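Next comes run_0.cif, with mmCIF, C-alpha atoms.
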data_structure
loop_
_atom_site.label_atom_id
_atom_site.label_comp_id
_atom_site.auth_asym_id
_atom_site.auth_seq_id
_atom_site.Cartn_x
_atom_site.Cartn_y
_atom_site.Cartn_z
CA MET K 332 -33.26 33.26 10.95
CA LEU K 333 -34.45 29.88 9.68
CA ASN K 334 -37.36 30.96 7.47
CA PRO K 335 -39.92 30.48 6.00
CA LEU K 336 -41.80 28.20 8.35
CA PRO K 337 -45.18 26.52 8.06
CA ALA K 338 -47.98 28.44 9.74
CA VAL K 339 -50.17 25.76 11.29
CA LEU K 340 -53.18 25.72 13.55
CA VAL K 341 -52.81 23.37 16.48
CA SER K 342 -56.11 22.16 17.87
CA CYS K 343 -56.34 20.81 21.40
CA ALA K 344 -58.90 20.01 24.05
CA HIS K 345 -59.14 19.02 27.70
CA ALA K 346 -61.83 18.98 30.37
CA GLY K 347 -64.51 20.33 28.05
CA ARG K 348 -62.40 23.19 26.65
CA SER K 349 -61.24 23.20 23.03
CA ASN K 350 -58.86 25.69 21.48
CA LEU K 351 -56.82 26.62 18.42
CA LEU K 352 -53.25 27.88 18.62
CA THR K 353 -51.18 29.29 15.76
CA VAL K 354 -47.68 27.77 15.65
CA ALA K 355 -44.81 28.41 13.24
CA TRP K 356 -42.16 26.54 15.21
CA THR K 357 -42.99 23.01 14.13
CA GLY K 358 -41.55 20.25 12.02
CA THR K 359 -40.82 16.60 11.42
CA VAL K 360 -38.24 14.99 13.69
CA CYS K 361 -38.45 11.34 12.65
CA THR K 362 -39.93 9.17 9.91
CA ASP K 363 -40.02 5.79 11.64
CA PRO K 364 -41.63 6.10 14.08
CA ALA K 365 -43.40 9.14 12.67
CA MET K 366 -42.83 12.04 15.04
CA LEU K 367 -43.09 15.82 15.00
CA TYR K 368 -42.72 18.72 17.38
CA ILE K 369 -44.33 22.02 18.18
CA SER K 370 -42.76 24.71 20.37
CA VAL K 371 -45.16 26.55 22.67
CA ARG K 372 -44.72 29.18 25.36
CA PRO K 373 -45.83 27.75 28.74
CA GLU K 374 -48.01 30.80 29.46
CA ARG K 375 -50.19 30.14 26.39
CA PHE K 376 -53.71 28.88 27.17
CA SER K 377 -53.24 25.84 24.93
CA TYR K 378 -50.05 24.74 26.70
CA ASP K 379 -51.91 23.29 29.71
CA LEU K 380 -54.66 21.81 27.52
CA ILE K 381 -52.01 19.86 25.61
CA LYS K 382 -49.98 18.99 28.70
CA GLU K 383 -53.03 17.67 30.56
CA SER K 384 -54.66 15.81 27.65
CA GLY K 385 -51.41 14.53 26.14
CA GLU K 386 -52.80 15.14 22.64
CA PHE K 387 -52.99 17.74 19.89
CA THR K 388 -53.61 17.97 16.16
CA VAL K 389 -51.46 19.92 13.71
CA ASN K 390 -53.65 21.36 10.95
CA LEU K 391 -51.95 22.70 7.82
CA THR K 392 -53.30 26.07 6.72
CA THR K 393 -54.01 27.63 3.34
CA ALA K 394 -54.18 31.13 1.90
CA ALA K 395 -57.96 30.99 2.41
CA MET K 396 -57.32 30.38 6.12
CA ALA K 397 -54.75 33.20 6.55
CA ARG K 398 -57.02 35.60 8.44
CA ALA K 399 -58.21 32.89 10.86
CA THR K 400 -54.65 31.63 11.32
CA ASP K 401 -53.38 35.08 12.22
CA TRP K 402 -56.37 35.79 14.50
CA CYS K 403 -55.80 32.57 16.45
CA GLY K 404 -52.19 33.64 16.99
CA VAL K 405 -52.98 37.03 18.49
CA ARG K 406 -56.05 36.24 20.61
CA SER K 407 -56.17 34.00 23.66
CA GLY K 408 -58.48 31.04 24.14
CA ARG K 409 -58.87 32.29 27.72
CA ASP K 410 -60.91 35.18 26.34
CA TYR K 411 -62.45 33.88 23.10
CA ASP K 412 -64.01 30.80 21.57
CA LYS K 413 -61.68 30.72 18.58
CA TRP K 414 -63.81 28.18 16.71
CA ALA K 415 -66.83 30.51 16.83
CA GLU K 416 -64.83 33.69 16.18
CA THR K 417 -63.02 32.30 13.11
CA ARG K 418 -65.95 30.21 11.86
CA LEU K 419 -63.62 27.23 11.44
CA THR K 420 -65.26 23.84 11.76
CA PRO K 421 -64.15 21.36 14.43
CA GLU K 422 -64.19 17.73 13.27
CA PRO K 423 -64.05 14.95 15.87
CA GLY K 424 -60.65 13.33 16.25
CA VAL K 425 -60.09 9.86 14.80
CA ALA K 426 -57.32 8.62 17.10
CA VAL K 427 -57.28 11.49 19.63
CA GLY K 428 -59.87 13.27 21.75
CA CYS K 429 -59.28 16.71 20.27
CA PRO K 430 -60.81 18.02 17.05
CA SER K 431 -59.18 18.72 13.73
CA VAL K 432 -59.99 21.70 11.50
CA ALA K 433 -62.34 20.65 8.68
CA GLU K 434 -61.03 23.42 6.40
CA SER K 435 -57.45 22.14 6.67
CA PRO K 436 -56.17 20.13 3.68
CA LEU K 437 -54.17 17.88 6.02
CA SER K 438 -54.43 17.27 9.75
CA ILE K 439 -51.91 15.29 11.78
CA GLU K 440 -53.15 13.81 15.05
CA CYS K 441 -50.47 13.48 17.72
CA ARG K 442 -49.86 11.99 21.15
CA LEU K 443 -47.47 13.87 23.37
CA ARG K 444 -44.29 11.93 24.08
CA GLU K 445 -42.23 14.47 25.97
CA ILE K 446 -42.04 18.16 26.87
CA VAL K 447 -38.56 19.65 26.74
CA PRO K 448 -38.19 23.04 28.49
CA LEU K 449 -35.88 25.17 26.33
CA GLY K 450 -36.31 28.72 27.62
CA THR K 451 -39.11 30.94 26.30
CA HIS K 452 -40.67 27.94 24.54
CA HIS K 453 -41.07 24.31 25.46
CA MET K 454 -40.70 21.73 22.71
CA MET K 455 -43.59 19.27 22.67
CA LEU K 456 -42.33 16.10 21.03
CA ALA K 457 -45.12 13.87 19.77
CA ASP K 458 -45.89 10.61 18.01
CA VAL K 459 -48.05 10.87 14.89
CA VAL K 460 -51.05 8.58 15.42
CA ALA K 461 -53.23 9.52 12.43
CA VAL K 462 -53.14 11.65 9.28
CA LEU K 463 -56.40 13.03 7.88
CA ALA K 464 -56.36 14.23 4.28
CA ASP K 465 -58.98 16.20 2.36
CA THR K 466 -59.90 14.02 -0.62
CA GLN K 467 -60.26 17.05 -2.94
CA TYR K 468 -56.46 17.00 -3.15
CA LEU K 469 -56.30 13.46 -4.49
CA ASP K 470 -54.96 13.37 -8.03
CA PRO K 471 -57.68 11.67 -10.14
CA GLU K 472 -55.09 10.05 -12.41
CA THR K 473 -52.62 8.71 -9.88
CA GLY K 474 -54.70 8.61 -6.69
CA ARG K 475 -51.80 10.32 -4.90
CA PHE K 476 -52.29 13.19 -2.50
CA ASP K 477 -51.30 16.50 -4.16
CA LEU K 478 -50.74 18.98 -1.36
CA ALA K 479 -49.09 21.43 -3.78
CA ARG K 480 -52.56 22.43 -5.02
CA ALA K 481 -53.70 23.48 -1.53
CA GLY K 482 -52.10 26.96 -1.50
CA LEU K 483 -50.32 26.28 1.78
CA LEU K 484 -49.49 29.15 4.09
CA ALA K 485 -45.92 29.96 5.17
CA TYR K 486 -44.68 32.45 7.76
CA SER K 487 -41.49 34.51 7.44
CA HIS K 488 -40.37 37.36 9.70
CA GLY K 489 -43.87 38.48 10.67
CA HIS K 490 -45.48 38.00 7.25
CA TYR K 491 -47.65 35.29 5.70
CA TYR K 492 -47.06 33.94 2.20
CA GLU K 493 -48.83 31.46 -0.02
CA LEU K 494 -46.48 28.78 -1.33
CA GLY K 495 -46.32 28.97 -5.08
CA ARG K 496 -44.18 28.05 -8.03
CA HIS K 497 -42.92 24.48 -8.30
CA LEU K 498 -39.16 24.33 -8.92
CA GLY K 499 -38.46 20.60 -8.90
CA ARG K 500 -38.87 17.48 -6.84
CA PHE K 501 -36.46 15.76 -4.51
CA GLY K 502 -33.51 14.48 -6.55
CA PHE K 503 -34.20 16.58 -9.66
CA SER K 504 -30.64 17.95 -9.63
CA VAL K 505 -29.13 14.51 -10.25
CA MET K 506 -31.78 12.87 -12.40
CA LYS K 507 -30.76 11.70 -15.85
CA LYS K 508 -32.26 13.77 -18.60
CA LYS K 509 -34.77 11.98 -20.77
CA SER K 510 -33.46 11.49 -24.27
CA SER K 511 -35.63 12.73 -27.08
CA LYS K 512 -35.83 10.10 -29.81
#
Output the file's structure in the form of structure tokens.
Amino acid sequence: MLNPLPAVLVSCAHAGRSNLLTVAWTGTVCTDPAMLYISVRPERFSYDLIKESGEFTVNLTTAAMARATDWCGVRSGRDYDKWAETRLTPEPGVAVGCPSVAESPLSIECRLREIVPLGTHHMMLADVVAVLADTQYLDPETGRFDLARAGLLAYSHGHYYELGRHLGRFGFSVMKKKSSK
């Protein structure tokens, strides 16, 4: 019942095979060292690619990528070349041997640290080894990355949503109000 979740595309490759896997069970587990996890069913085609290569890339998705994201979640890489079918563009990895998705506003390259069997899904705990950001989301005034403009995709109870209205930033509830002089 913990929703919404990010809908991400995980790219992976091993022994000449590359694939995309849609994952909603993912998140940050540590800041220093930077680590994240994905949870994957062992019977999924990508599971063995990740297990054997020890690498994967988490690619954030946008509203423009919703159809491709859903398609990659309901079709198997055993039967389809998901890159060709979705017309997404593989970009060579920077710190890993698997590609990232060029259309993604942010890609996080990871090295597998540990697989924890948990039942239907296995948690793949990974170290973040590189973060690739689309420069179109750099704020021209501050130079900071503005992911809020990307129209990120979220998943909740079988439905996709585009993240929208900004409500505040971390700490806004306790910030001192600016005095008007």
Given all atoms listed in the file as the counted atoms, nearest of K:Ser370, K:Ser407, K:Asn350, K:Ser504 to K:Ile446: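 Smallest separation from K:Ile446 among the options: K:Ser370.
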Atom pair atom CA of K:Val389 / atom CA of K:Asp401: separation (Å): 15.4 Å
Matched chain/residue IDs from the PyMOL selection byres ((chain K and resi 394) around 7), as a ChimeraX atom specification: /K:393,395-397,482-484,493
Just the selected residues (C-alpha atoms), exported as an mmCIF file, keeping the file's coordinate frame, please.
data_model
loop_
_atom_site.group_PDB
_atom_site.id
_atom_site.type_symbol
_atom_site.label_atom_id
_atom_site.label_comp_id
_atom_site.auth_asym_id
_atom_site.auth_seq_id
_atom_site.Cartn_x
_atom_site.Cartn_y
_atom_site.Cartn_z
ATOM 1 C CA THR K 393 -54.010 27.630 3.340
ATOM 2 C CA ALA K 395 -57.960 30.990 2.410
ATOM 3 C CA MET K 396 -57.320 30.380 6.120
ATOM 4 C CA ALA K 397 -54.750 33.200 6.550
ATOM 5 C CA GLY K 482 -52.100 26.960 -1.500
ATOM 6 C CA LEU K 483 -50.320 26.280 1.780
ATOM 7 C CA LEU K 484 -49.490 29.150 4.090
ATOM 8 C CA GLU K 493 -48.830 31.460 -0.020
#
Expected residue set, 9 Å radius at (-48.9, 24.3, 13.3), only C-alpha atoms, as a PyMOL selection string: chain K and resi 337-342+352-358+369+388-392
Length of the atom CA of K:Leu333 to atom CA of K:Ser487 vector [Å]: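 Spanning atom CA of K:Leu333 to atom CA of K:Ser487 is a straight-line distance of 8.7 Å.
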Reference answer for the PyMOL selection byres ((chain K and resi 399) around 9), as a list in words: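 When the PyMOL selection byres ((chain K and resi 399) around 9) is applied, the selected residues are Ala395, Met396, Ala397, Arg398, Thr400, Asp401, Trp402, Cys403, Gly404, Lys413, Glu416, Thr417, Arg418 and Leu419 of chain K.
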Two-atom distance - atom CA of K:Val459, atom CA of K:Val360 (Å):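 Distance between the two atoms: 10.7 Å.
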Selection result of the PyMOL selection byres ((chain K and resi 430) around 8) on this file, as a ChimeraX atom specification: /K:342-344,349,388,421-424,427-429,431-432
Exercise: residues within 10 Å of coordinate (-51.0, 24.8, -7.7), counting only C-alpha atoms, as a list in words: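 With a cut-off of 10 Å, the residues come to Asp477, Leu478, Ala479, Arg480, Ala481, Gly482, Leu483, Leu494, Gly495, Arg496 and His497 of chain K.
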So for stretch 498-512 of chain K, what box centre and size do we get, axis-aligned, 8 Å extra on each of the six sides, every listed atom, Å to one decimal, as lines of an AutoDock Vina configuration file?
center_x = -34.1
center_y = 17.2
center_z = -17.2
size_x = 26.0
size_y = 30.2
size_z = 41.3
Neighbour list for K:Glu386 as number ranges by chain, cut-off 6 Å, only C-alpha atoms, skip fewer than 5 positions in-chain: K: 381, 441-443
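Residue nearest K:Met454, chosen from K:Leu380, K:Asn334, K:Arg372, K:Ala433 and counting only C-alpha atoms: K:Arg372.
Nearest residue to K:Ile439, choosing from K:Leu498, K:Val405, K:Leu336, K:Ala457 and counting all atoms listed in the file: K:Ala457.
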